[in-house]
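Read through the structure below, which is laid out as structure tokens, and then see the notes.
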Amino acid sequence: MERAASALVSDCIRIVKASPGPAGHTSGISLTRTWAVARYELTWDLSKKRTFIILALFLFTAFVYGYLLPAIVGESIVTGTLLQGVSVGSGLWWVDAHNVAFNTFMSGLFPLFIGGFIAADTIGSEFDSNTIVPQLSQPVRRLEVYAGKLVEKILLLLVVSTVFTLLVVAGSEVSVGAQSHLEMIPLVVLAEFGAFLEYTALAFFVGSLVRSGTTTLGILITVFIVILGSVLVVSLNTGEQEYMFLLPTVNADYLLKSVFYYIFQPFGVMVLQGYALGAGTTSPVAVMVISALEYAVVGLLANLLAALAAGYYFFRKAEVKS
Amino acid sequence: MSASAETSSGLALEVRNLVKSYGPIPGVWDVNLGVGQGTLHGFLGPNGSGKTTTIKCVMGLLHKTAGEIRVFGEEPQGDAIELKRRVGYLPELPSFPNYLKGREVLLTYGRIRGTLDKKKLMVESKMLLKKVGLEDASEKAVGKYSKGMQTRLGLAVAMLGEPDLLILDEPTEGLDPVGVIDVRELLKTVVSEGRTVLLSSHQLPEVQQMCSRVTVLKEGRTVTEGSVKELAKRLHGGVVYKAEFDSLGPDLMADLERIDGVSEVTSVEEDVVAILMTKDYDVRPSLARLAVQHGSLLLSCEREEASLEELFLSLVRKSD
């Protein structure tokens, strides 16, 4: 990890220090080339059936949780499950929809699908299919190729998070009436985006390491099952959870909630049931929220940095053998 | 070729004592290659001899274990952007995203190369597609291209930015006869413009016809390098006899191989053999005498220059 981060840093330093070359080209990093790779990646992503199927399912979820469920149930379930003591009514249904989508036993599944499955095709599959060869044979830095692919994923995930959130809000507005706390939308989008990006970073790392799209998918699913299963078993038996929230797939779930709780704090005393202090234990949110948020944000940043740096380290070293 | 492209060694590509191993397994272990600037250089060897491994090491797709690689006199370091700008590469099995149209492939890789001028890039793409005979398929998705069309497209991508050195791994693989002729003509034009081509191919007559020099690999090492004529002279005195007998049994074949100066006898067709010589002298009296001794007759015997195919087979079989 240290070597990976050091390789990334030394590359960046070399790029920053690089002097301009002949004919308008610089020997440093080229935003033109990086953007060209991002464009290539975006066009490819949007041409894949898999991307469309995943995105269509995600939008279908937005429809079900944002429009259909509130139409059937009639009001928010937030007060009864995750946020005790806060009466929010149907005006916060859109937050509830996010909670149901991200904080149930399926937590981490959406980030896995959106962030992981799409990104598994990016590096791993390109080595599989040899489409990486024409890219690496061009006068382009590997850092530019890697960064270009990452930039495209960041943009794609931002758009997906925004569209999902706006659709849920719009659906809820139509279904149960005006929604409140809309100022939270950017934070919710950011939280979703962070959760997606963790899986993307993991896919970049695994894809660069194993250089196979199918194997990358398999490893991502395994990581998800092992971590989520471990967290459930450990938390139910010992109540010890905090360190586990640093793990990628759990953090994906936790980050979102932490942001919610942090934002909700001014509304009164809330308790987090079954989290961080063990099953059945309650605690004033003033203490818990700060701790949870720190864990979530630190965990997210640490996971992203580690996975992306290690991914670049292996991508830079990767050979095209087939 | 631009003046800046010229090096003191006169070599566009120089590989010395290249070693590439995969753990304990050696991929190549002593490859030497010198490609003169402005030449079309053949790169030969049986399957698995290390041609593609060598080329991938040159392109930075594989990391060499030991040895030296110089492109236009410079050793590629790191991403070697400036050097790669001068090198075009056609892989053995070019692979492009299936959804892109032929024209889009060239625009995409042109942009990745850092070409900013969209108009210039479009003109270049159109021109290259015409050169490789794909102008009619420019709006067709690559996924619908035949293998030969993909190779042509790969060739066009390799020629983006008018590189000084083209490294082509089996450029006529999968092409129909017309395509093969087109590519030959194209490569001749490229060389006539002062650019350099390294041509890895299994098509020996093609290499003989087009290449001024060849390098032959076997089992991961260079076995010989030079012009076809030089090789022929070095190996067989440059001479091969094609002899037709009335009847040709195994005993006569065995005795033919024992004649002084004969390195190899290979059957060309029924009762016809090619006799490769290590010495250049008239072997016909000996052939006639042996034929009579075995109850046969020497019907005809012609002295020819050794073909690359014969030399190649001789080299490859020599140390088997």
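Numbering starts fresh at 1 for the residues of each chain in the structure tokens, the chains themselves are lettered A, B, ... in the order given, and ligands are numbered from 1 as they appear.
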Find the residues in chain B near chain A: any atom within 6 Å counts, using only C-alpha atoms. Write them as a PDB file with C-alpha atoms, in the first residue's frame.
ATOM      1  CA  LEU B  61       3.260  -3.813 -23.048  1.00  0.00           C
ATOM      2  CA  LEU B  62       5.625  -6.280 -21.404  1.00  0.00           C
ATOM      3  CA  ASP B  79       5.647   5.955 -20.445  1.00  0.00           C
ATOM      4  CA  ILE B  81       5.459   9.395 -24.719  1.00  0.00           C
ATOM      5  CA  LYS B  84       5.677   6.316 -28.780  1.00  0.00           C
ATOM      6  CA  ARG B  85       4.580   9.309 -30.801  1.00  0.00           C
ATOM      7  CA  SER B  95      -9.202  -5.500 -30.833  1.00  0.00           C
ATOM      8  CA  PHE B  96     -11.396  -2.419 -30.711  1.00  0.00           C
ATOM      9  CA  ARG B 111      -7.863  12.115 -29.552  1.00  0.00           C
ATOM     10  CA  ILE B 112      -6.144   9.791 -27.091  1.00  0.00           C
ATOM     11  CA  ARG B 113      -2.892  10.560 -28.904  1.00  0.00           C
ATOM     12  CA  GLY B 114      -3.561  14.172 -27.967  1.00  0.00           C
TER      13      GLY B 114
END
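The residues of segment 46-133 of chain B that DSSP assigns to strand (DSSP E or B) on this backbone come out as Ala66, Gly67, Glu68, Ile69, Arg70, Val71, Glu74, Val87, Gly88, Tyr89, Leu90 and Lys101 of chain B.
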Task: Selection: 10 Å around segment 202-212 of chain B, only C-alpha atoms, excl. self and same-chain fewer than 2 positions, as a PyMOL selection string - done: chain B and resi 36+39-47+169-170+172-173+180-181+184-185+187-188+197-200+214+226-229+307-312
Output for the residues just chosen: C-alpha atoms as a compact mmCIF listing (two decimals), in the first residue's frame:
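Contents of the output file part_20.txt:
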# COMPACT_ATOMS: atom_id res chain seq x y z
CA GLY B 36 17.76 0.19 -40.22
CA THR B 39 13.93 -0.05 -44.42
CA LEU B 40 11.33 -2.79 -44.38
CA HIS B 41 12.69 -5.41 -42.02
CA GLY B 42 11.29 -8.93 -41.76
CA PHE B 43 10.90 -10.58 -38.40
CA LEU B 44 10.55 -14.33 -38.72
CA GLY B 45 10.27 -17.35 -36.51
CA PRO B 46 8.03 -20.31 -35.84
CA ASN B 47 5.04 -19.98 -33.53
CA ASP B 169 2.59 -8.12 -36.14
CA GLU B 170 1.11 -10.29 -38.89
CA THR B 172 -1.73 -9.73 -43.68
CA GLU B 173 -3.27 -12.32 -41.36
CA VAL B 180 -2.66 -8.81 -49.06
CA ILE B 181 -1.62 -7.05 -52.25
CA ARG B 184 2.09 -4.84 -49.60
CA GLU B 185 1.64 -1.79 -51.81
CA LEU B 187 3.96 -0.76 -46.95
CA LYS B 188 6.09 -0.13 -50.01
CA VAL B 197 8.66 -0.91 -41.02
CA LEU B 198 9.28 -3.96 -38.86
CA LEU B 199 7.18 -6.74 -40.35
CA SER B 200 6.54 -9.85 -38.31
CA VAL B 214 15.34 -10.25 -41.98
CA GLY B 226 20.87 -10.09 -42.50
CA SER B 227 19.62 -9.64 -46.02
CA VAL B 228 18.03 -12.64 -47.68
CA LYS B 229 21.00 -12.89 -50.05
CA SER B 307 14.42 -18.90 -51.31
CA LEU B 308 13.69 -17.47 -47.90
CA GLU B 309 11.33 -20.34 -47.28
CA GLU B 310 14.09 -22.85 -47.83
CA LEU B 311 16.52 -20.89 -45.71
CA PHE B 312 13.94 -20.50 -42.96
- [ ] Just the helix (DSSP H, G or I) stuff from segment 78-313 of chain B, please, per backbone DSSP, written as a ChimeraX atom specification.
- [x] /B:81-84,102-112,118-131,135-137,142-144,147-158,177-192,204-210,228-236,250-257,284-293,308-313
Open item on the list: I want to know what sits within 10 Å of segment 295-300 of chain B, based on only C-alpha atoms, with residues of the same chain fewer than 2 positions away left out; could you give that as a ChimeraX atom specification?
Closed with: /B:242-249,252,271-272,284-285,287-293,302
Task: From A:Val168, A:Leu209, A:Val234, A:Val174, residue lying nearest Thr61 of chain A [only C-alpha atoms] - done: A:Val168
Open item on the list: Residues near Val169 of chain A, anyone? I mean within 7 Å using only C-alpha atoms, not counting same-chain ones fewer than 4 positions away, as number ranges by chain.
Closed with: A: 66, 94, 165, 173
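Our summary of the geometry notes that atom CA of Asp176 of chain B is positioned 10.2 Å from atom CA of Lys147 of chain B.
Straight-line separation from atom CA of Val71 of chain B to atom CA of Val87 of chain B: 8.7 Å.
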